[in-house]
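File shown here: work.txt, holding compact mmCIF, C-alpha atoms.
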# COMPACT_ATOMS: atom_id res chain seq x y z
CA MET T 1 87.93 135.70 127.87
CA LYS T 2 85.02 137.71 126.49
CA GLU T 3 81.68 136.77 127.98
CA GLY T 4 79.77 134.36 125.75
CA PHE T 5 82.91 132.74 124.28
CA VAL T 6 84.67 129.52 125.25
CA SER T 7 88.11 128.29 124.31
CA ALA T 8 88.45 125.47 121.82
CA ALA T 9 91.30 123.57 120.24
CA PRO T 10 91.98 124.18 116.54
CA THR T 11 90.93 120.57 115.90
CA GLU T 12 87.50 121.39 117.37
CA ILE T 13 86.58 123.94 114.70
CA ASP T 14 83.18 122.81 113.48
CA GLY T 15 82.01 122.70 109.91
CA ASN T 16 83.39 122.49 106.44
CA VAL T 17 86.34 124.90 106.17
CA PHE T 18 85.73 125.36 102.44
CA ARG T 19 82.22 126.64 103.12
CA LEU T 20 83.37 128.53 106.21
CA ILE T 21 85.91 130.61 104.28
CA ALA T 22 84.71 130.76 100.67
CA GLU T 23 80.95 131.00 101.22
CA GLU T 24 80.42 132.35 104.74
CA TRP T 25 83.48 134.64 104.56
CA MET T 26 85.61 135.97 107.40
CA LEU T 27 87.02 139.22 108.70
CA VAL T 28 90.81 139.45 108.74
CA THR T 29 91.78 141.95 111.43
CA ALA T 30 95.16 143.28 112.52
CA GLY T 31 96.34 145.98 114.87
CA ASP T 32 95.74 146.68 118.54
CA PHE T 33 92.64 148.06 120.21
CA GLN T 34 93.79 151.67 119.68
CA SER T 35 94.58 151.30 115.96
CA TRP T 36 93.30 148.46 113.80
CA ASN T 37 91.57 147.61 110.56
CA THR T 38 89.52 144.74 109.26
CA MET T 39 88.57 143.43 105.83
CA THR T 40 86.33 140.72 104.49
CA ALA T 41 88.04 137.75 102.88
CA SER T 42 86.87 134.64 101.09
CA TRP T 43 90.34 133.29 100.31
CA GLY T 44 92.31 131.56 103.03
CA ALA T 45 92.93 128.23 104.67
CA LEU T 46 93.20 126.36 107.94
CA GLY T 47 95.53 123.41 108.25
CA GLU T 48 98.83 121.91 109.30
CA LEU T 49 102.25 123.22 108.25
CA TRP T 50 105.69 122.91 109.80
CA ASN T 51 104.22 120.73 112.59
CA LYS T 52 101.94 123.61 113.60
CA LYS T 53 98.22 124.31 113.38
CA VAL T 54 98.09 127.27 111.02
CA CYS T 55 95.84 129.61 109.11
CA PHE T 56 96.50 131.44 105.86
CA ALA T 57 95.25 134.91 104.98
CA PHE T 58 95.77 136.70 101.67
CA VAL T 59 95.75 140.50 101.31
CA ARG T 60 96.16 142.58 98.14
CA PRO T 61 98.62 145.51 98.23
CA GLN T 62 95.99 148.25 97.91
CA ARG T 63 94.01 147.10 100.95
CA TYR T 64 94.32 149.36 104.00
CA THR T 65 94.47 146.24 106.18
CA ARG T 66 97.77 145.24 104.54
CA GLY T 67 99.77 147.85 106.45
CA PHE T 68 98.26 146.61 109.70
CA MET T 69 99.03 142.99 108.79
CA ASP T 70 102.62 143.88 107.95
CA ALA T 71 103.13 145.77 111.21
CA ALA T 72 101.37 143.30 113.50
CA THR T 73 102.83 140.21 115.09
CA ARG T 74 99.34 138.69 115.43
CA PHE T 75 96.03 138.83 113.60
CA THR T 76 92.54 137.38 113.91
CA LEU T 77 90.16 135.60 111.60
CA SER T 78 86.53 136.08 112.66
CA PHE T 79 83.59 134.07 111.35
CA PHE T 80 79.98 135.23 111.73
CA PRO T 81 76.42 133.96 111.61
CA GLU T 82 74.43 134.70 108.45
CA GLU T 83 72.66 137.67 110.06
CA SER T 84 75.99 139.55 109.93
CA ARG T 85 76.27 139.23 106.13
CA GLU T 86 75.53 142.95 105.54
CA ALA T 87 78.34 143.94 107.89
CA LEU T 88 80.74 141.60 106.07
CA GLU T 89 79.66 143.03 102.71
CA PHE T 90 80.34 146.55 104.00
CA CYS T 91 83.76 145.61 105.40
CA GLY T 92 84.69 144.07 102.06
CA SER T 93 83.58 146.98 99.90
CA HIS T 94 84.58 150.03 101.98
CA SER T 95 88.04 151.11 103.08
CA GLY T 96 89.01 151.69 106.68
CA ARG T 97 90.81 154.77 105.36
CA ASP T 98 87.39 156.33 104.79
CA PHE T 99 85.07 154.68 107.33
CA ASP T 100 85.04 153.52 110.91
CA LYS T 101 83.85 150.03 110.03
CA ALA T 102 82.70 149.19 113.55
CA GLU T 103 80.58 152.31 113.74
CA ALA T 104 79.21 151.87 110.21
CA THR T 105 78.24 148.21 110.72
CA GLY T 106 77.36 148.04 114.39
CA LEU T 107 80.07 145.45 115.01
CA THR T 108 81.43 145.58 118.55
CA PRO T 109 85.22 145.29 118.69
CA PHE T 110 86.95 143.66 121.63
CA GLU T 111 90.38 142.30 122.46
CA PRO T 112 90.28 138.46 122.39
CA ALA T 113 94.00 138.30 123.22
CA PRO T 114 96.39 141.12 124.08
CA GLY T 115 97.19 143.23 121.05
CA THR T 116 94.45 141.76 118.84
CA VAL T 117 90.93 142.76 117.80
CA SER T 118 87.83 140.75 116.94
CA PHE T 119 84.08 141.29 117.30
CA ALA T 120 81.45 140.30 119.85
CA GLN T 121 79.07 139.22 117.07
CA ALA T 122 81.50 136.58 115.74
CA ARG T 123 80.63 132.93 116.28
CA LEU T 124 84.22 131.73 115.82
CA ILE T 125 87.51 133.58 116.31
CA VAL T 126 90.99 132.37 115.42
CA VAL T 127 93.93 134.24 116.96
CA ALA T 128 97.17 133.68 115.07
CA ARG T 129 100.82 134.66 115.44
CA LYS T 130 102.33 135.64 112.10
CA ILE T 131 105.14 133.18 111.27
CA TYR T 132 105.66 133.64 107.52
CA THR T 133 104.82 136.04 104.71
CA HIS T 134 105.31 135.71 101.00
CA ASP T 135 104.24 137.77 97.99
CA ILE T 136 102.50 135.75 95.31
CA ASP T 137 104.83 135.45 92.30
CA PRO T 138 103.09 134.99 88.94
CA GLY T 139 106.21 133.22 87.68
CA GLY T 140 105.18 130.31 89.86
CA PHE T 141 101.71 129.87 88.31
CA LEU T 142 101.54 126.38 86.80
CA ASP T 143 97.89 126.86 85.84
CA GLN T 144 97.61 130.02 83.74
CA ASP T 145 93.92 130.38 84.69
CA ILE T 146 95.19 131.74 88.01
CA ALA T 147 96.42 134.87 86.22
CA ASP T 148 92.74 135.72 85.55
CA CYS T 149 92.46 136.56 89.25
CA TYR T 150 95.03 139.35 88.80
CA HIS T 151 93.99 141.59 85.90
CA SER T 152 95.63 144.57 87.66
CA GLY T 153 98.81 142.77 88.70
CA ASP T 154 97.87 143.31 92.36
CA TYR T 155 99.25 140.04 93.68
CA HIS T 156 98.32 139.06 97.21
CA ARG T 157 100.69 138.83 100.11
CA MET T 158 100.21 135.52 101.90
CA TYR T 159 100.35 135.49 105.69
CA VAL T 160 100.78 132.22 107.54
CA GLY T 161 99.81 132.38 111.18
CA GLU T 162 100.35 129.81 113.90
CA ILE T 163 97.01 129.40 115.63
CA GLN T 164 97.39 130.48 119.25
CA ALA T 165 93.77 130.47 120.33
CA VAL T 166 90.34 129.52 119.08
CA MET T 167 87.21 130.97 120.66
CA ARG T 168 83.66 130.03 119.82
CA LYS T 169 80.28 131.21 121.03
CA ALA T 170 79.13 129.18 124.00

Rendering of file as structure tokens:
Amino acid sequence: MKEGFVSAAPTEIDGNVFRLIAEEWMLVTAGDFQSWNTMTASWGALGELWNKKVCFAFVRPQRYTRGFMDAATRFTLSFFPEESREALEFCGSHSGRDFDKAEATGLTPFEPAPGTVSFAQARLIVVARKIYTHDIDPGGFLDQDIADCYHSGDYHRMYVGEIQAVMRKA
């Protein structure tokens, strides 16, 4: 385990998950230490599904991270203190096709579990094993206001991950 982090159970994640994801944001990261990408997300969830502790991540088709998410068997969700907001803004507005996001932001990547990547500056890391994917289908929208989120027809792919590990700053 990376120095400065301790293991926790998924049920020990502190704070309001709505604020944690929608307001504080997270980095969704997939790939291994040799080849990975990360992106900022403010849509997602933590919860219970199929008798498992799970997380949900949503990635649009044009995002560089999507190829890494599709290829990976695991991914991480990383949550940061407020002083990392600029780094999260950069990772959400610049493509990994064009920038080394770690170098550009000063984030320090490390391997929290074999074959995964997160960052030393994170305060909370969720390591998940991908167990289900599904492309959002607009035919299923029961509230037509949802369509306003997709002016370009770039519907997200949903990834459900079984939470395998939670690490938080000691």

Expected residue set, 10 Å radius at (94.1, 151.5, 104.0), only C-alpha atoms, as a tab-separated table (two decimals) with C-alpha atoms, keeping the file's coordinate frame:
chain	number	residue	atom	x	y	z
T	37	ASN	CA	91.57	147.61	110.56
T	38	THR	CA	89.52	144.74	109.26
T	39	MET	CA	88.57	143.43	105.83
T	61	PRO	CA	98.62	145.51	98.23
T	62	GLN	CA	95.99	148.25	97.91
T	63	ARG	CA	94.01	147.10	100.95
T	64	TYR	CA	94.32	149.36	104.00
T	65	THR	CA	94.47	146.24	106.18
T	66	ARG	CA	97.77	145.24	104.54
T	67	GLY	CA	99.77	147.85	106.45
T	68	PHE	CA	98.26	146.61	109.70
T	94	HIS	CA	84.58	150.03	101.98
T	95	SER	CA	88.04	151.11	103.08
T	96	GLY	CA	89.01	151.69	106.68
T	97	ARG	CA	90.81	154.77	105.36
T	98	ASP	CA	87.39	156.33	104.79

- Note on the structure: Using all atoms listed in the file, the residue out of T:Ala9, T:Cys91, T:Ile125, T:Met158 with shortest distance to T:Asp137 is T:Met158

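Comparing T:Leu88, T:Ala113, T:Leu142, T:Met26 by their smallest distance to T:Phe58, the closest is T:Met26 (using only C-alpha atoms).
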
- Closest of T:Glu12, T:Glu162, T:Asp100, T:Glu111 to T:Phe33 - atom-to-atom distances counting all atoms listed in the file: T:Glu111

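Distances from T:Ala22, T:Met69, T:Val6, T:Ala45 to T:Lys130 were compared using only C-alpha atoms, and the smallest one belongs to T:Met69.
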
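Remark: for T:Ser7, the closest of the candidate residues T:Arg60, T:Ile136, T:Asn51, T:Val126 is T:Val126 (distances computed over only C-alpha atoms).
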
- Task: Considering only C-alpha atoms, state which residue in the set T:Arg157, T:His134, T:Lys53, T:Arg74 is at the smallest distance from T:Asp32.
- Result: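 Of T:Arg157, T:His134, T:Lys53, T:Arg74, the one nearest T:Asp32 is T:Arg74, counting only C-alpha atoms.
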
- Would you mind reading off the distance between atom CA of T:Ala122 and atom CA of T:Lys2, one decimal, in Å? 11.4 Å

- Task: Grab the atom CA of T:Cys55 to atom CA of T:Gly161 distance for me, in Å with one decimal place.
- Result: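 Taking atom CA of T:Cys55 as the start and atom CA of T:Gly161 as the end point, the length is 5.3 Å.
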
Using the incomplete input, complete stretch 134-150 of chain T to the level of N, CA and C atoms; output as an mmCIF file, in the coordinates of the input.
data_model
loop_
_atom_site.group_PDB
_atom_site.id
_atom_site.type_symbol
_atom_site.label_atom_id
_atom_site.label_comp_id
_atom_site.auth_asym_id
_atom_site.auth_seq_id
_atom_site.Cartn_x
_atom_site.Cartn_y
_atom_site.Cartn_z
ATOM 1 N N HIS T 134 104.739 135.906 102.328
ATOM 2 C CA HIS T 134 105.310 135.710 101.000
ATOM 3 C C HIS T 134 104.407 136.405 99.980
ATOM 4 N N ASP T 135 105.011 137.146 99.054
ATOM 5 C CA ASP T 135 104.240 137.770 97.990
ATOM 6 C C ASP T 135 104.035 136.764 96.857
ATOM 7 N N ILE T 136 102.801 136.663 96.403
ATOM 8 C CA ILE T 136 102.500 135.750 95.310
ATOM 9 C C ILE T 136 103.306 136.178 94.079
ATOM 10 N N ASP T 137 103.977 135.209 93.464
ATOM 11 C CA ASP T 137 104.830 135.450 92.300
ATOM 12 C C ASP T 137 104.181 134.798 91.087
ATOM 13 N N PRO T 138 103.750 135.582 90.101
ATOM 14 C CA PRO T 138 103.090 134.990 88.940
ATOM 15 C C PRO T 138 103.993 134.039 88.154
ATOM 16 N N GLY T 139 105.288 134.143 88.327
ATOM 17 C CA GLY T 139 106.210 133.220 87.680
ATOM 18 C C GLY T 139 106.041 131.791 88.164
ATOM 19 N N GLY T 140 105.409 131.645 89.305
ATOM 20 C CA GLY T 140 105.180 130.310 89.860
ATOM 21 C C GLY T 140 103.854 129.686 89.448
ATOM 22 N N PHE T 141 103.012 130.415 88.715
ATOM 23 C CA PHE T 141 101.710 129.870 88.310
ATOM 24 C C PHE T 141 101.931 128.710 87.323
ATOM 25 N N LEU T 142 101.476 127.542 87.687
ATOM 26 C CA LEU T 142 101.540 126.380 86.800
ATOM 27 C C LEU T 142 100.240 126.231 86.008
ATOM 28 N N ASP T 143 99.197 126.835 86.510
ATOM 29 C CA ASP T 143 97.890 126.860 85.840
ATOM 30 C C ASP T 143 97.654 128.323 85.449
ATOM 31 N N GLN T 144 97.706 128.630 84.192
ATOM 32 C CA GLN T 144 97.610 130.020 83.740
ATOM 33 C C GLN T 144 96.244 130.636 83.996
ATOM 34 N N ASP T 145 95.223 129.831 84.322
ATOM 35 C CA ASP T 145 93.920 130.380 84.690
ATOM 36 C C ASP T 145 94.018 131.231 85.961
ATOM 37 N N ILE T 146 95.017 130.973 86.781
ATOM 38 C CA ILE T 146 95.190 131.740 88.010
ATOM 39 C C ILE T 146 95.432 133.215 87.692
ATOM 40 N N ALA T 147 96.116 133.486 86.609
ATOM 41 C CA ALA T 147 96.420 134.870 86.220
ATOM 42 C C ALA T 147 95.139 135.687 86.040
ATOM 43 N N ASP T 148 94.025 135.022 85.708
ATOM 44 C CA ASP T 148 92.740 135.720 85.550
ATOM 45 C C ASP T 148 92.269 136.378 86.845
ATOM 46 N N CYS T 149 92.810 135.964 87.958
ATOM 47 C CA CYS T 149 92.460 136.560 89.250
ATOM 48 C C CYS T 149 93.225 137.865 89.494
ATOM 49 N N TYR T 150 94.144 138.202 88.590
ATOM 50 C CA TYR T 150 95.030 139.350 88.800
ATOM 51 C C TYR T 150 95.117 140.236 87.556
#
